[in-house]
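Asks: This is the content of query-v3.csv (CSV, C-alpha atoms):
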chain,number,residue,atom,x,y,z
A,1,MET,CA,15.4,-10.1,12.0
A,2,LEU,CA,14.1,-12.9,9.8
A,3,HIS,CA,13.2,-12.3,6.2
A,4,ILE,CA,10.9,-14.9,4.6
A,5,LEU,CA,10.8,-15.2,0.9
A,6,ARG,CA,8.0,-17.2,-0.8
A,7,HIS,CA,8.0,-16.2,-4.5
A,8,SER,CA,10.2,-17.6,-7.3
A,9,PRO,CA,13.0,-15.2,-8.2
A,10,HIS,CA,11.9,-15.6,-11.9
A,11,ALA,CA,8.3,-14.5,-11.4
A,12,GLU,CA,8.6,-11.6,-9.0
A,13,THR,CA,10.8,-8.6,-8.3
A,14,ARG,CA,10.4,-9.0,-4.5
A,15,PHE,CA,13.1,-11.7,-4.4
A,16,ALA,CA,15.6,-9.1,-5.6
A,17,SER,CA,14.0,-6.4,-3.5
A,18,CYS,CA,14.4,-8.5,-0.4
A,19,LEU,CA,18.1,-9.2,-1.1
A,20,ARG,CA,18.7,-5.5,-1.6
A,21,SER,CA,17.1,-4.7,1.8
A,22,ILE,CA,18.8,-7.4,3.9
A,23,ASN,CA,21.4,-6.3,6.5
A,24,ALA,CA,24.4,-8.1,7.9
A,25,GLY,CA,23.5,-10.4,10.8
A,26,GLN,CA,20.0,-11.0,9.7
A,27,ALA,CA,18.4,-14.3,8.6
A,28,LEU,CA,16.8,-15.3,5.3
A,29,LEU,CA,14.4,-18.2,5.0
A,30,LEU,CA,13.2,-19.6,1.6
A,31,ILE,CA,9.8,-21.2,1.5
A,32,GLU,CA,7.4,-22.3,-1.2
A,33,GLU,CA,8.4,-21.1,-4.7
A,34,ALA,CA,11.4,-19.2,-3.4
A,35,VAL,CA,13.4,-22.4,-3.0
A,36,TYR,CA,13.8,-22.4,-6.8
A,37,GLY,CA,16.3,-19.6,-6.2
A,38,LEU,CA,18.7,-22.3,-5.0
A,39,LEU,CA,18.9,-24.1,-8.3
A,40,PRO,CA,22.6,-24.3,-9.4
A,41,GLY,CA,23.9,-22.2,-12.3
A,42,THR,CA,21.6,-19.3,-11.8
A,43,ALA,CA,22.2,-15.7,-11.0
A,44,THR,CA,19.9,-16.0,-8.0
A,45,ARG,CA,21.9,-18.9,-6.6
A,46,ASP,CA,25.1,-16.8,-7.0
A,47,SER,CA,23.5,-13.8,-5.3
A,48,LEU,CA,22.5,-16.1,-2.3
A,49,GLU,CA,26.0,-17.6,-2.2
A,50,TYR,CA,27.6,-14.1,-2.1
A,51,LEU,CA,25.4,-12.7,0.7
A,52,PRO,CA,27.6,-11.5,3.6
A,53,ALA,CA,28.7,-14.5,5.7
A,54,SER,CA,26.9,-13.1,8.7
A,55,ILE,CA,23.5,-13.6,7.0
A,56,ALA,CA,22.1,-17.0,7.9
A,57,LEU,CA,20.4,-18.8,5.0
A,58,TYR,CA,17.6,-21.3,5.6
A,59,ALA,CA,15.3,-23.3,3.4
A,60,LEU,CA,12.2,-25.3,4.4
A,61,ASP,CA,12.6,-29.1,3.9
A,62,VAL,CA,9.2,-29.9,2.6
A,63,ASP,CA,9.2,-27.2,0.0
A,64,LEU,CA,12.6,-28.3,-1.3
A,65,GLN,CA,11.5,-31.9,-1.5
A,66,ALA,CA,8.2,-31.2,-3.0
A,67,ARG,CA,9.9,-29.3,-5.8
A,68,GLY,CA,12.6,-31.8,-6.5
A,69,LEU,CA,15.6,-29.8,-5.3
A,70,ALA,CA,18.5,-32.1,-4.4
A,71,LEU,CA,19.5,-31.6,-0.7
A,72,ASP,CA,23.1,-32.4,-1.5
A,73,ASP,CA,23.3,-29.7,-4.2
A,74,LEU,CA,22.5,-26.7,-2.1
A,75,PRO,CA,24.9,-23.9,-1.2
A,76,GLY,CA,27.1,-25.1,1.7
A,77,ARG,CA,25.7,-22.3,3.9
A,78,THR,CA,22.1,-23.4,3.6
A,79,ARG,CA,20.5,-24.9,6.7
A,80,VAL,CA,17.5,-27.1,5.8
A,81,ILE,CA,14.8,-26.8,8.5
A,82,THR,CA,11.4,-28.2,9.4
A,83,HIS,CA,8.3,-26.2,10.4
A,84,ALA,CA,9.1,-26.8,14.0
A,85,MET,CA,12.6,-25.2,13.5
A,86,MET,CA,10.9,-22.3,11.6
A,87,VAL,CA,8.9,-21.6,14.8
A,88,GLU,CA,12.2,-21.6,16.8
A,89,LEU,CA,13.7,-19.3,14.3
A,90,CYS,CA,10.8,-16.8,14.7
A,91,VAL,CA,11.3,-17.0,18.4
A,92,GLU,CA,15.1,-16.4,18.2
A,93,ARG,CA,14.7,-13.4,15.8
A,94,THR,CA,12.7,-10.6,17.2
A,95,LYS,CA,11.0,-9.6,14.0
A,96,VAL,CA,9.8,-11.4,11.0
A,97,VAL,CA,9.3,-9.8,7.6
A,98,SER,CA,7.5,-11.8,4.9
A,99,TRP,CA,8.1,-10.8,1.2
B,1,MET,CA,3.0,1.2,20.9
B,2,LYS,CA,4.8,-0.9,18.3
B,3,SER,CA,5.5,1.0,15.1
B,4,LEU,CA,4.4,-0.4,11.8
B,5,LEU,CA,5.9,-0.1,8.3
B,6,VAL,CA,3.7,-1.0,5.3
B,7,ILE,CA,5.6,-1.8,2.2
B,8,SER,CA,3.2,-1.1,-0.7
B,9,ARG,CA,4.4,-2.9,-3.8
B,10,HIS,CA,1.6,-3.2,-6.2
B,11,SER,CA,0.5,-0.9,-9.1
B,12,PRO,CA,-2.5,1.3,-8.5
B,13,ALA,CA,-5.0,-0.6,-10.7
B,14,ARG,CA,-4.5,-3.8,-8.5
B,15,PRO,CA,-6.8,-4.2,-5.5
B,16,GLN,CA,-3.7,-4.9,-3.5
B,17,ALA,CA,-2.7,-1.3,-3.7
B,18,ARG,CA,-5.9,-0.1,-2.0
B,19,GLU,CA,-5.7,-3.0,0.5
B,20,ALA,CA,-2.1,-1.9,1.5
B,21,LEU,CA,-3.3,1.6,2.0
B,22,ASP,CA,-6.3,0.5,4.0
B,23,VAL,CA,-4.0,-1.3,6.4
B,24,ALA,CA,-1.8,1.8,6.9
B,25,LEU,CA,-4.8,4.0,7.4
B,26,SER,CA,-6.5,1.8,9.8
B,27,ALA,CA,-3.3,1.3,11.9
B,28,ALA,CA,-2.8,5.1,11.9
B,29,ALA,CA,-6.5,5.5,13.0
B,30,PHE,CA,-5.7,3.3,16.0
B,31,GLY,CA,-2.8,5.6,16.9
B,32,VAL,CA,-0.1,3.2,15.7
B,33,PRO,CA,3.0,5.1,14.6
B,34,CYS,CA,2.9,4.2,11.0
B,35,GLY,CA,5.0,4.6,7.8
B,36,ILE,CA,4.5,3.5,4.2
B,37,LEU,CA,7.2,2.7,1.7
B,38,PHE,CA,6.4,2.5,-2.0
B,39,MET,CA,8.5,-0.2,-3.6
B,40,ASP,CA,8.6,-2.3,-6.8
B,41,ASP,CA,5.4,-1.7,-8.8
B,42,GLY,CA,4.1,0.2,-5.8
B,43,VAL,CA,5.9,3.3,-7.1
B,44,PHE,CA,3.4,3.5,-10.0
B,45,GLN,CA,0.8,4.6,-7.5
B,46,LEU,CA,2.7,7.9,-7.3
B,47,ILE,CA,2.7,8.9,-10.9
B,48,LYS,CA,0.9,12.2,-11.4
B,49,GLY,CA,-2.0,12.7,-13.7
B,50,GLN,CA,-3.7,9.3,-13.3
B,51,ASP,CA,-7.4,9.1,-14.3
B,52,ALA,CA,-8.6,5.8,-12.9
B,53,ALA,CA,-12.2,6.6,-14.0
B,54,GLN,CA,-11.1,5.7,-17.5
B,55,ILE,CA,-11.1,2.1,-16.4
B,56,ALA,CA,-14.0,2.5,-14.1
B,57,GLN,CA,-12.0,2.5,-10.9
B,58,LYS,CA,-11.9,4.8,-7.9
B,59,SER,CA,-8.9,7.0,-7.8
B,60,LEU,CA,-6.3,6.2,-5.1
B,61,ALA,CA,-4.9,9.7,-5.3
B,62,ALA,CA,-7.2,11.3,-2.7
B,63,ASN,CA,-6.4,8.5,-0.2
B,64,LEU,CA,-2.7,8.8,-0.9
B,65,GLN,CA,-2.8,12.5,-0.4
B,66,ALA,CA,-4.7,12.0,2.9
B,67,LEU,CA,-1.9,9.8,4.4
B,68,PRO,CA,-0.2,12.6,6.4
B,69,LEU,CA,-3.7,13.9,7.5
B,70,TYR,CA,-4.5,10.5,8.9
B,71,GLY,CA,-1.3,10.3,10.8
B,72,VAL,CA,0.9,8.2,8.5
B,73,GLU,CA,4.0,10.1,9.4
B,74,ASP,CA,6.6,8.6,7.2
B,75,VAL,CA,5.9,8.5,3.4
B,76,LEU,CA,8.9,6.9,1.6
B,77,VAL,CA,9.7,5.7,-1.9
B,78,CYS,CA,12.4,3.3,-3.1
B,79,GLN,CA,15.0,5.0,-5.3
B,80,HIS,CA,15.9,1.7,-7.0
B,81,SER,CA,12.3,0.9,-8.0
B,82,LEU,CA,11.8,4.4,-9.4
B,83,GLY,CA,15.0,4.1,-11.4
B,84,ASP,CA,14.2,0.7,-12.8
B,85,ARG,CA,10.8,2.0,-14.0
B,86,GLY,CA,12.0,5.3,-15.5
B,87,ILE,CA,10.2,7.5,-13.0
B,88,GLN,CA,11.7,10.7,-11.8
B,89,ALA,CA,11.2,11.5,-8.1
B,90,ASN,CA,9.9,15.0,-9.1
B,91,ARG,CA,7.1,13.4,-11.1
B,92,CYS,CA,5.6,11.9,-7.9
B,93,MET,CA,2.4,13.2,-6.6
B,94,LEU,CA,3.4,12.9,-2.9
B,95,ASP,CA,6.2,14.5,-1.1
B,96,ALA,CA,7.8,11.1,-0.5
B,97,ARG,CA,11.3,10.8,0.8
B,98,VAL,CA,13.5,8.9,-1.6
B,99,LEU,CA,15.5,6.2,0.0
B,100,ASN,CA,18.4,4.1,-1.4
B,101,ASN,CA,19.0,0.4,-0.6
B,102,ALA,CA,21.0,1.0,2.6
B,103,GLU,CA,18.4,3.5,3.9
B,104,ILE,CA,15.6,1.0,3.2
B,105,ALA,CA,17.5,-1.7,5.1
B,106,ALA,CA,17.9,0.7,8.0
B,107,LEU,CA,14.2,1.7,7.8
B,108,ILE,CA,13.1,-2.0,8.0
B,109,GLU,CA,15.3,-2.5,11.0
B,110,HIS,CA,14.0,0.7,12.7
B,111,TYR,CA,10.3,-0.3,12.6
B,112,ASP,CA,8.9,-2.8,15.1
B,113,GLN,CA,6.8,-4.5,12.5
B,114,VAL,CA,6.9,-4.6,8.8
B,115,LEU,CA,4.2,-5.8,6.4
B,116,THR,CA,4.8,-6.1,2.7
B,117,LEU,CA,1.4,-5.9,1.0
C,1,MET,CA,5.1,-16.7,23.3
C,2,ASP,CA,2.0,-15.2,21.6
C,3,PHE,CA,1.9,-15.4,17.8
C,4,ALA,CA,-0.4,-13.4,15.5
C,5,ILE,CA,-0.6,-15.2,12.2
C,6,ALA,CA,-2.0,-13.7,9.0
C,7,LEU,CA,-2.9,-15.5,5.8
C,8,LEU,CA,-3.3,-13.4,2.6
C,9,ALA,CA,-3.6,-16.1,0.0
C,10,GLY,CA,-6.5,-18.4,-0.9
C,11,PRO,CA,-7.0,-22.1,-0.5
C,12,GLN,CA,-5.4,-22.8,-3.9
C,13,ASP,CA,-2.1,-21.2,-2.9
C,14,PRO,CA,0.6,-23.2,-1.3
C,15,ALA,CA,0.7,-20.5,1.4
C,16,ALA,CA,-2.6,-21.8,2.8
C,17,ARG,CA,-0.7,-25.1,3.6
C,18,SER,CA,2.5,-23.3,4.8
C,19,ALA,CA,0.5,-21.2,7.3
C,20,LEU,CA,-1.5,-24.2,8.6
C,21,GLU,CA,1.7,-26.3,9.2
C,22,PHE,CA,3.4,-23.3,10.8
C,23,SER,CA,0.4,-22.7,13.0
C,24,ARG,CA,0.3,-26.4,14.1
C,25,ALA,CA,4.1,-26.2,14.9
C,26,VAL,CA,3.6,-23.1,16.9
C,27,LEU,CA,1.1,-24.8,19.2
C,28,ALA,CA,3.1,-28.1,19.2
C,29,ALA,CA,6.0,-26.1,20.6
C,30,GLY,CA,3.9,-24.8,23.5
C,31,HIS,CA,3.4,-21.3,22.2
C,32,ARG,CA,0.0,-19.6,21.8
C,33,ILE,CA,-1.8,-18.2,18.8
C,34,SER,CA,-3.5,-15.0,20.0
C,35,ARG,CA,-5.2,-14.5,16.7
C,36,LEU,CA,-5.4,-15.8,13.1
C,37,PHE,CA,-6.3,-13.1,10.6
C,38,PHE,CA,-7.4,-13.8,7.1
C,39,TYR,CA,-7.1,-11.0,4.5
C,40,ARG,CA,-7.2,-10.7,0.7
C,41,ASP,CA,-7.9,-14.1,-0.9
C,42,GLY,CA,-7.2,-15.7,2.5
C,43,VAL,CA,-10.9,-14.9,3.3
C,44,LEU,CA,-11.8,-17.7,0.8
C,45,LEU,CA,-10.7,-20.3,3.4
C,46,ALA,CA,-13.8,-19.3,5.4
C,47,SER,CA,-16.2,-20.3,2.6
C,48,GLN,CA,-18.0,-23.6,3.2
C,49,LEU,CA,-18.9,-23.9,-0.5
C,50,ASN,CA,-15.6,-25.1,-1.8
C,51,VAL,CA,-15.8,-28.6,-3.1
C,52,VAL,CA,-12.5,-30.5,-3.4
C,53,PRO,CA,-12.0,-33.7,-5.5
C,54,GLN,CA,-12.0,-36.7,-3.2
C,55,ASP,CA,-8.3,-37.6,-3.8
C,56,GLU,CA,-7.2,-34.1,-2.8
C,57,LYS,CA,-6.7,-32.5,0.6
C,58,ASP,CA,-9.4,-30.1,1.7
C,59,ILE,CA,-7.4,-27.3,3.1
C,60,GLY,CA,-10.5,-25.3,4.1
C,61,ALA,CA,-11.8,-28.2,6.1
C,62,GLU,CA,-8.4,-28.7,7.7
C,63,TRP,CA,-8.2,-25.1,8.8
C,64,ARG,CA,-11.7,-25.2,10.2
C,65,GLN,CA,-11.0,-28.3,12.2
C,66,PHE,CA,-7.7,-26.8,13.5
C,67,ILE,CA,-9.4,-23.7,14.6
C,68,GLN,CA,-12.2,-25.6,16.3
C,69,ASP,CA,-10.0,-28.1,18.0
C,70,ASN,CA,-7.8,-25.4,19.5
C,71,HIS,CA,-10.5,-22.8,20.2
C,72,LEU,CA,-8.6,-20.2,18.2
C,73,ASP,CA,-9.7,-16.7,17.4
C,74,ALA,CA,-10.0,-16.7,13.6
C,75,VAL,CA,-10.9,-13.3,12.2
C,76,VAL,CA,-11.8,-12.8,8.6
C,77,CYS,CA,-11.5,-9.3,7.2
C,78,ILE,CA,-15.1,-8.3,6.5
C,79,ALA,CA,-14.4,-5.8,3.7
C,80,ALA,CA,-12.2,-8.4,1.9
C,81,ALA,CA,-14.8,-11.1,2.5
C,82,LEU,CA,-17.8,-9.1,1.2
C,83,ARG,CA,-15.9,-8.3,-2.0
C,84,ARG,CA,-15.2,-12.0,-2.6
C,85,GLY,CA,-18.7,-13.3,-1.7
C,86,VAL,CA,-17.9,-14.7,1.7
C,87,LEU,CA,-20.9,-13.9,3.9
C,88,ASN,CA,-22.2,-15.1,7.2
C,89,PRO,CA,-26.0,-15.1,7.8
C,90,ALA,CA,-26.0,-11.6,9.2
C,91,GLU,CA,-24.2,-10.1,6.2
C,92,ALA,CA,-26.3,-12.1,3.8
C,93,GLU,CA,-29.4,-10.6,5.3
C,94,ARG,CA,-27.9,-7.1,5.5
C,95,TRP,CA,-27.0,-7.1,1.8
C,96,ASP,CA,-30.0,-9.0,0.7
C,97,ARG,CA,-28.0,-11.9,-0.8
C,98,PRO,CA,-29.7,-15.3,-1.3
C,99,ALA,CA,-27.3,-17.4,0.9
C,100,ALA,CA,-24.6,-17.3,3.5
C,101,ASN,CA,-21.5,-19.4,3.1
C,102,THR,CA,-19.6,-18.9,6.3
C,103,ALA,CA,-20.2,-19.2,10.0
C,104,GLU,CA,-18.4,-20.2,13.2
C,105,PRO,CA,-15.6,-20.7,13.9
C,106,TRP,CA,-14.9,-17.9,11.5
C,107,GLU,CA,-15.7,-14.4,12.7
C,108,LEU,CA,-16.1,-11.5,10.2
C,109,SER,CA,-14.6,-8.3,11.5
C,110,GLY,CA,-12.5,-5.2,10.6
C,111,LEU,CA,-8.9,-4.6,9.9
C,112,GLY,CA,-8.6,-3.1,13.4
C,113,GLN,CA,-8.5,-6.7,14.6
C,114,TRP,CA,-5.3,-7.3,12.8
C,115,VAL,CA,-3.8,-4.0,14.0
C,116,ASP,CA,-4.8,-5.0,17.5
C,117,ALA,CA,-3.2,-8.4,17.1
C,118,LEU,CA,0.0,-7.0,15.8
C,119,GLN,CA,0.2,-4.7,18.8
C,120,SER,CA,-0.4,-7.4,21.4
C,121,ALA,CA,1.5,-10.4,20.0
C,122,ASP,CA,5.1,-11.2,20.7
C,123,ARG,CA,5.6,-12.3,17.1
C,124,ALA,CA,3.7,-11.5,14.0
C,125,VAL,CA,4.1,-13.8,11.0
C,126,THR,CA,2.4,-13.2,7.6
C,127,PHE,CA,1.9,-15.9,4.9
C,128,GLY,CA,0.7,-15.5,1.3
C,129,THR,CA,2.0,-12.1,0.6
Show me this structure written as structure tokens.
Replies:
Amino acid sequence: MLHILRHSPHAETRFASCLRSINAGQALLLIEEAVYGLLPGTATRDSLEYLPASIALYALDVDLQARGLALDDLPGRTRVITHAMMVELCVERTKVVSW
Amino acid sequence: MKSLLVISRHSPARPQAREALDVALSAAAFGVPCGILFMDDGVFQLIKGQDAAQIAQKSLAANLQALPLYGVEDVLVCQHSLGDRGIQANRCMLDARVLNNAEIAALIEHYDQVLTL
Amino acid sequence: MDFAIALLAGPQDPAARSALEFSRAVLAAGHRISRLFFYRDGVLLASQLNVVPQDEKDIGAEWRQFIQDNHLDAVVCIAAALRRGVLNPAEAERWDRPAANTAEPWELSGLGQWVDALQSADRAVTFGT
């Protein structure tokens, strides 16, 4: 299963709700404002780093770049993907839940 | 048929609350096995004694109470969201099953499709 | 693989761009889009009355072009559209409104079209939640 988050963790409770509802082995993709959750030194960044290792973390390249997030300062587990790779991810995972 | 879980997460005065309900009810009308989970501000929909007419709105209560009649089998509420907002489960107008985080994760896994609305 | 793609946010929301780029990538990868469904403020994409400053991208026009070029089924939730003043000529006449602002390739129809698309598609992806 793939969870897609699009809202900033600071504006919305669903970022936290999604993290509470995610299971081991699932994937999490951050798009749009949700990429702000990757900024260093924040509680959200910590909670993303501490997700179980079996949860794959992705972020959309254009959304990171558009918002000035340095690609070399992301958590080591983050895989930066394009829209084409996002499509592949949706095919690989049988179910997509957008938050 | 693929089962569908609607996660309703907006407060009752917002149009999104009714729209989430409309999706659940129309899926159920087409015979789709359907559940609804009240989460985040969505749990405010369940507070008893609401009088939406005071702000010139239609009440959601009748539609909510009709959920089981229309075939929405599973009516669920997030324990964490209730606790965060100071709402006791026994103050809810529906006989919703209260789920903890692990149960919600399992629920989302169980349904074929999940829409957060 | 068949994708059902829904957009719930309007032209001003970054989600309108995300959904369009994702939809383009779906087709580029050789998959099909069985239906696009526009709900909530997403119905505003179907209005032909939006005017965008010349130095900005016209996302509504891009969607319309994309739908036409690929002969896609683009359904706009009729209840959401009426509430937001998005009417085709038939609805403008039915409700006695002075003008219509949407037409082909957009089709106004009910939520049942989304329910149906969710049932038949291999993957359902929602944007603008």
Asks: Give me the residues within 9 Å of region 45-61 of chain A as a ChimeraX atom specification, counting only C-alpha atoms and dropping any in the same chain fewer than 5 places off.
Replies: /A:19,22-32,34-40,66,71,75-83,86
Asks: Please report as JSON lines every residue of chain B lying within 12 Å of chain C, along with the nearest atom pair and their distance in Å (one decimal), using all atoms listed in the file.
Replies:
{"residue": "B:Met1", "atom": "CA", "partner": "C:Gln119", "partner_atom": "CA", "distance": 6.9}
{"residue": "B:Lys2", "atom": "CA", "partner": "C:Gln119", "partner_atom": "CA", "distance": 6.0}
{"residue": "B:Ser3", "atom": "CA", "partner": "C:Gln119", "partner_atom": "CA", "distance": 8.6}
{"residue": "B:Leu4", "atom": "CA", "partner": "C:Leu118", "partner_atom": "CA", "distance": 8.9}
{"residue": "B:Leu5", "atom": "CA", "partner": "C:Leu118", "partner_atom": "CA", "distance": 11.8}
{"residue": "B:Val6", "atom": "CA", "partner": "C:Val115", "partner_atom": "CA", "distance": 11.9}
{"residue": "B:Ile7", "atom": "CA", "partner": "C:Thr129", "partner_atom": "CA", "distance": 11.0}
{"residue": "B:Ser8", "atom": "CA", "partner": "C:Thr129", "partner_atom": "CA", "distance": 11.1}
{"residue": "B:Arg9", "atom": "CA", "partner": "C:Thr129", "partner_atom": "CA", "distance": 10.5}
{"residue": "B:His10", "atom": "CA", "partner": "C:Thr129", "partner_atom": "CA", "distance": 11.2}
{"residue": "B:Arg14", "atom": "CA", "partner": "C:Arg40", "partner_atom": "CA", "distance": 11.8}
{"residue": "B:Pro15", "atom": "CA", "partner": "C:Arg40", "partner_atom": "CA", "distance": 9.0}
{"residue": "B:Gln16", "atom": "CA", "partner": "C:Arg40", "partner_atom": "CA", "distance": 8.0}
{"residue": "B:Ala17", "atom": "CA", "partner": "C:Arg40", "partner_atom": "CA", "distance": 11.3}
{"residue": "B:Arg18", "atom": "CA", "partner": "C:Arg40", "partner_atom": "CA", "distance": 11.0}
{"residue": "B:Glu19", "atom": "CA", "partner": "C:Arg40", "partner_atom": "CA", "distance": 7.8}
{"residue": "B:Ala20", "atom": "CA", "partner": "C:Arg40", "partner_atom": "CA", "distance": 10.2}
{"residue": "B:Leu21", "atom": "CA", "partner": "C:Leu111", "partner_atom": "CA", "distance": 11.5}
{"residue": "B:Asp22", "atom": "CA", "partner": "C:Leu111", "partner_atom": "CA", "distance": 8.2}
{"residue": "B:Val23", "atom": "CA", "partner": "C:Leu111", "partner_atom": "CA", "distance": 6.9}
{"residue": "B:Ala24", "atom": "CA", "partner": "C:Val115", "partner_atom": "CA", "distance": 9.4}
{"residue": "B:Leu25", "atom": "CA", "partner": "C:Leu111", "partner_atom": "CA", "distance": 9.8}
{"residue": "B:Ser26", "atom": "CA", "partner": "C:Gly112", "partner_atom": "CA", "distance": 6.4}
{"residue": "B:Ala27", "atom": "CA", "partner": "C:Val115", "partner_atom": "CA", "distance": 5.7}
{"residue": "B:Ala28", "atom": "CA", "partner": "C:Val115", "partner_atom": "CA", "distance": 9.4}
{"residue": "B:Ala29", "atom": "CA", "partner": "C:Gly112", "partner_atom": "CA", "distance": 8.9}
{"residue": "B:Phe30", "atom": "CA", "partner": "C:Gly112", "partner_atom": "CA", "distance": 7.5}
{"residue": "B:Gly31", "atom": "CA", "partner": "C:Val115", "partner_atom": "CA", "distance": 10.1}
{"residue": "B:Val32", "atom": "CA", "partner": "C:Val115", "partner_atom": "CA", "distance": 8.3}
{"residue": "B:Pro33", "atom": "CA", "partner": "C:Gln119", "partner_atom": "CA", "distance": 11.0}
{"residue": "B:Cys34", "atom": "CA", "partner": "C:Val115", "partner_atom": "CA", "distance": 11.0}
{"residue": "B:Asp112", "atom": "CA", "partner": "C:Gln119", "partner_atom": "CA", "distance": 9.6}
{"residue": "B:Gln113", "atom": "CA", "partner": "C:Ala124", "partner_atom": "CA", "distance": 7.8}
{"residue": "B:Val114", "atom": "CA", "partner": "C:Ala124", "partner_atom": "CA", "distance": 9.2}
{"residue": "B:Leu115", "atom": "CA", "partner": "C:Thr126", "partner_atom": "CA", "distance": 7.7}
{"residue": "B:Thr116", "atom": "CA", "partner": "C:Thr129", "partner_atom": "CA", "distance": 6.9}
{"residue": "B:Leu117", "atom": "CA", "partner": "C:Thr129", "partner_atom": "CA", "distance": 6.2}
Asks: Report as a PDB file with C-alpha atoms, keeping the file's coordinate frame all protein, DNA and RNA residues lying within 9 Å of region 96-106 of chain B, evaluated on all atoms listed in the file, omitting residues in the same chain fewer than 2 positions from it.
Replies:
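What landed in out.pdb:
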ATOM      1  CA  SER A  17      14.000  -6.400  -3.500  1.00  0.00           C
ATOM      2  CA  ARG A  20      18.700  -5.500  -1.600  1.00  0.00           C
ATOM      3  CA  SER A  21      17.100  -4.700   1.800  1.00  0.00           C
ATOM      4  CA  ILE A  22      18.800  -7.400   3.900  1.00  0.00           C
ATOM      5  CA  ASN A  23      21.400  -6.300   6.500  1.00  0.00           C
TER       6      ASN A  23
ATOM      7  CA  LEU B  37       7.200   2.700   1.700  1.00  0.00           C
ATOM      8  CA  PHE B  38       6.400   2.500  -2.000  1.00  0.00           C
ATOM      9  CA  ASP B  74       6.600   8.600   7.200  1.00  0.00           C
ATOM     10  CA  VAL B  75       5.900   8.500   3.400  1.00  0.00           C
ATOM     11  CA  LEU B  76       8.900   6.900   1.600  1.00  0.00           C
ATOM     12  CA  VAL B  77       9.700   5.700  -1.900  1.00  0.00           C
ATOM     13  CA  CYS B  78      12.400   3.300  -3.100  1.00  0.00           C
ATOM     14  CA  GLN B  79      15.000   5.000  -5.300  1.00  0.00           C
ATOM     15  CA  HIS B  80      15.900   1.700  -7.000  1.00  0.00           C
ATOM     16  CA  ALA B  89      11.200  11.500  -8.100  1.00  0.00           C
ATOM     17  CA  CYS B  92       5.600  11.900  -7.900  1.00  0.00           C
ATOM     18  CA  MET B  93       2.400  13.200  -6.600  1.00  0.00           C
ATOM     19  CA  LEU B  94       3.400  12.900  -2.900  1.00  0.00           C
ATOM     20  CA  ILE B 108      13.100  -2.000   8.000  1.00  0.00           C
ATOM     21  CA  GLU B 109      15.300  -2.500  11.000  1.00  0.00           C
ATOM     22  CA  HIS B 110      14.000   0.700  12.700  1.00  0.00           C
ATOM     23  CA  TYR B 111      10.300  -0.300  12.600  1.00  0.00           C
TER      24      TYR B 111
END
Asks: One number please: CA of Ile47 (chain B) to CA of Arg84 (chain C), in Å, one decimal.
Replies: 28.7 Å
Asks: Hey, could you make a per-residue contact list for chain C against chain A with 12 Å as the cut-off, showing the nearest pair of atoms and its distance in Å to one decimal, counting all atoms listed in the file, sorted by chain and number, as a Markdown table?
Replies:
| residue | atom | partner | partner_atom | distance |
| --- | --- | --- | --- | --- |
| C:Met1 | CA | A:Val91 | CA | 7.9 |
| C:Asp2 | CA | A:Val91 | CA | 10.0 |
| C:Phe3 | CA | A:Cys90 | CA | 9.5 |
| C:Ala4 | CA | A:Val96 | CA | 11.3 |
| C:Ile5 | CA | A:Val96 | CA | 11.1 |
| C:Ala6 | CA | A:Ser98 | CA | 10.5 |
| C:Leu7 | CA | A:Ser98 | CA | 11.1 |
| C:Leu8 | CA | A:Ser98 | CA | 11.2 |
| C:Ala9 | CA | A:Arg6 | CA | 11.7 |
| C:Asp13 | CA | A:Glu32 | CA | 9.7 |
| C:Pro14 | CA | A:Glu32 | CA | 6.9 |
| C:Ala15 | CA | A:Glu32 | CA | 7.4 |
| C:Ala16 | CA | A:Glu32 | CA | 10.8 |
| C:Arg17 | CA | A:Glu32 | CA | 9.8 |
| C:Ser18 | CA | A:Glu32 | CA | 7.8 |
| C:Ala19 | CA | A:His83 | CA | 9.8 |
| C:Leu20 | CA | A:His83 | CA | 10.2 |
| C:Glu21 | CA | A:His83 | CA | 6.7 |
| C:Phe22 | CA | A:His83 | CA | 5.7 |
| C:Ser23 | CA | A:Val87 | CA | 8.8 |
| C:Arg24 | CA | A:Ala84 | CA | 8.8 |
| C:Ala25 | CA | A:Ala84 | CA | 5.1 |
| C:Val26 | CA | A:Val87 | CA | 5.9 |
| C:Leu27 | CA | A:Val87 | CA | 9.5 |
| C:Ala28 | CA | A:Ala84 | CA | 8.0 |
| C:Ala29 | CA | A:Ala84 | CA | 7.3 |
| C:Gly30 | CA | A:Val87 | CA | 10.5 |
| C:His31 | CA | A:Val87 | CA | 9.2 |
| C:Arg32 | CA | A:Val87 | CA | 11.5 |
| C:Ile33 | CA | A:Val87 | CA | 11.9 |
| C:Leu118 | CA | A:Lys95 | CA | 11.4 |
| C:Ala121 | CA | A:Lys95 | CA | 11.3 |
| C:Asp122 | CA | A:Thr94 | CA | 8.4 |
| C:Arg123 | CA | A:Lys95 | CA | 6.8 |
| C:Ala124 | CA | A:Val96 | CA | 6.8 |
| C:Val125 | CA | A:Val96 | CA | 6.2 |
| C:Thr126 | CA | A:Ser98 | CA | 5.9 |
| C:Phe127 | CA | A:Ser98 | CA | 6.9 |
| C:Gly128 | CA | A:Arg6 | CA | 7.8 |
| C:Thr129 | CA | A:Trp99 | CA | 6.3 |
Asks: One decimal, Å: what's the distance from CA of Glu73 (chain B) over to CA of Ser11 (chain B), could you say?
Replies: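 Separation of CA of Glu73 (chain B) and CA of Ser11 (chain B): 21.8 Å.
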Asks: Tell me, as a list in words, which residues lie within 10 Å of Ala74 (chain C), counting only C-alpha atoms; anything in the same chain fewer than 3 positions away does not count.
Replies: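 Listed by chain and then number, they are Ile5, Ala6, Ile33, Ser34, Arg35, Leu36, Phe37, Phe38, Ala46, Trp63, Arg64, Ile67, Gln68, His71, Cys77, Glu104, Pro105, Trp106, Glu107, Leu108 and Ser109 of chain C.
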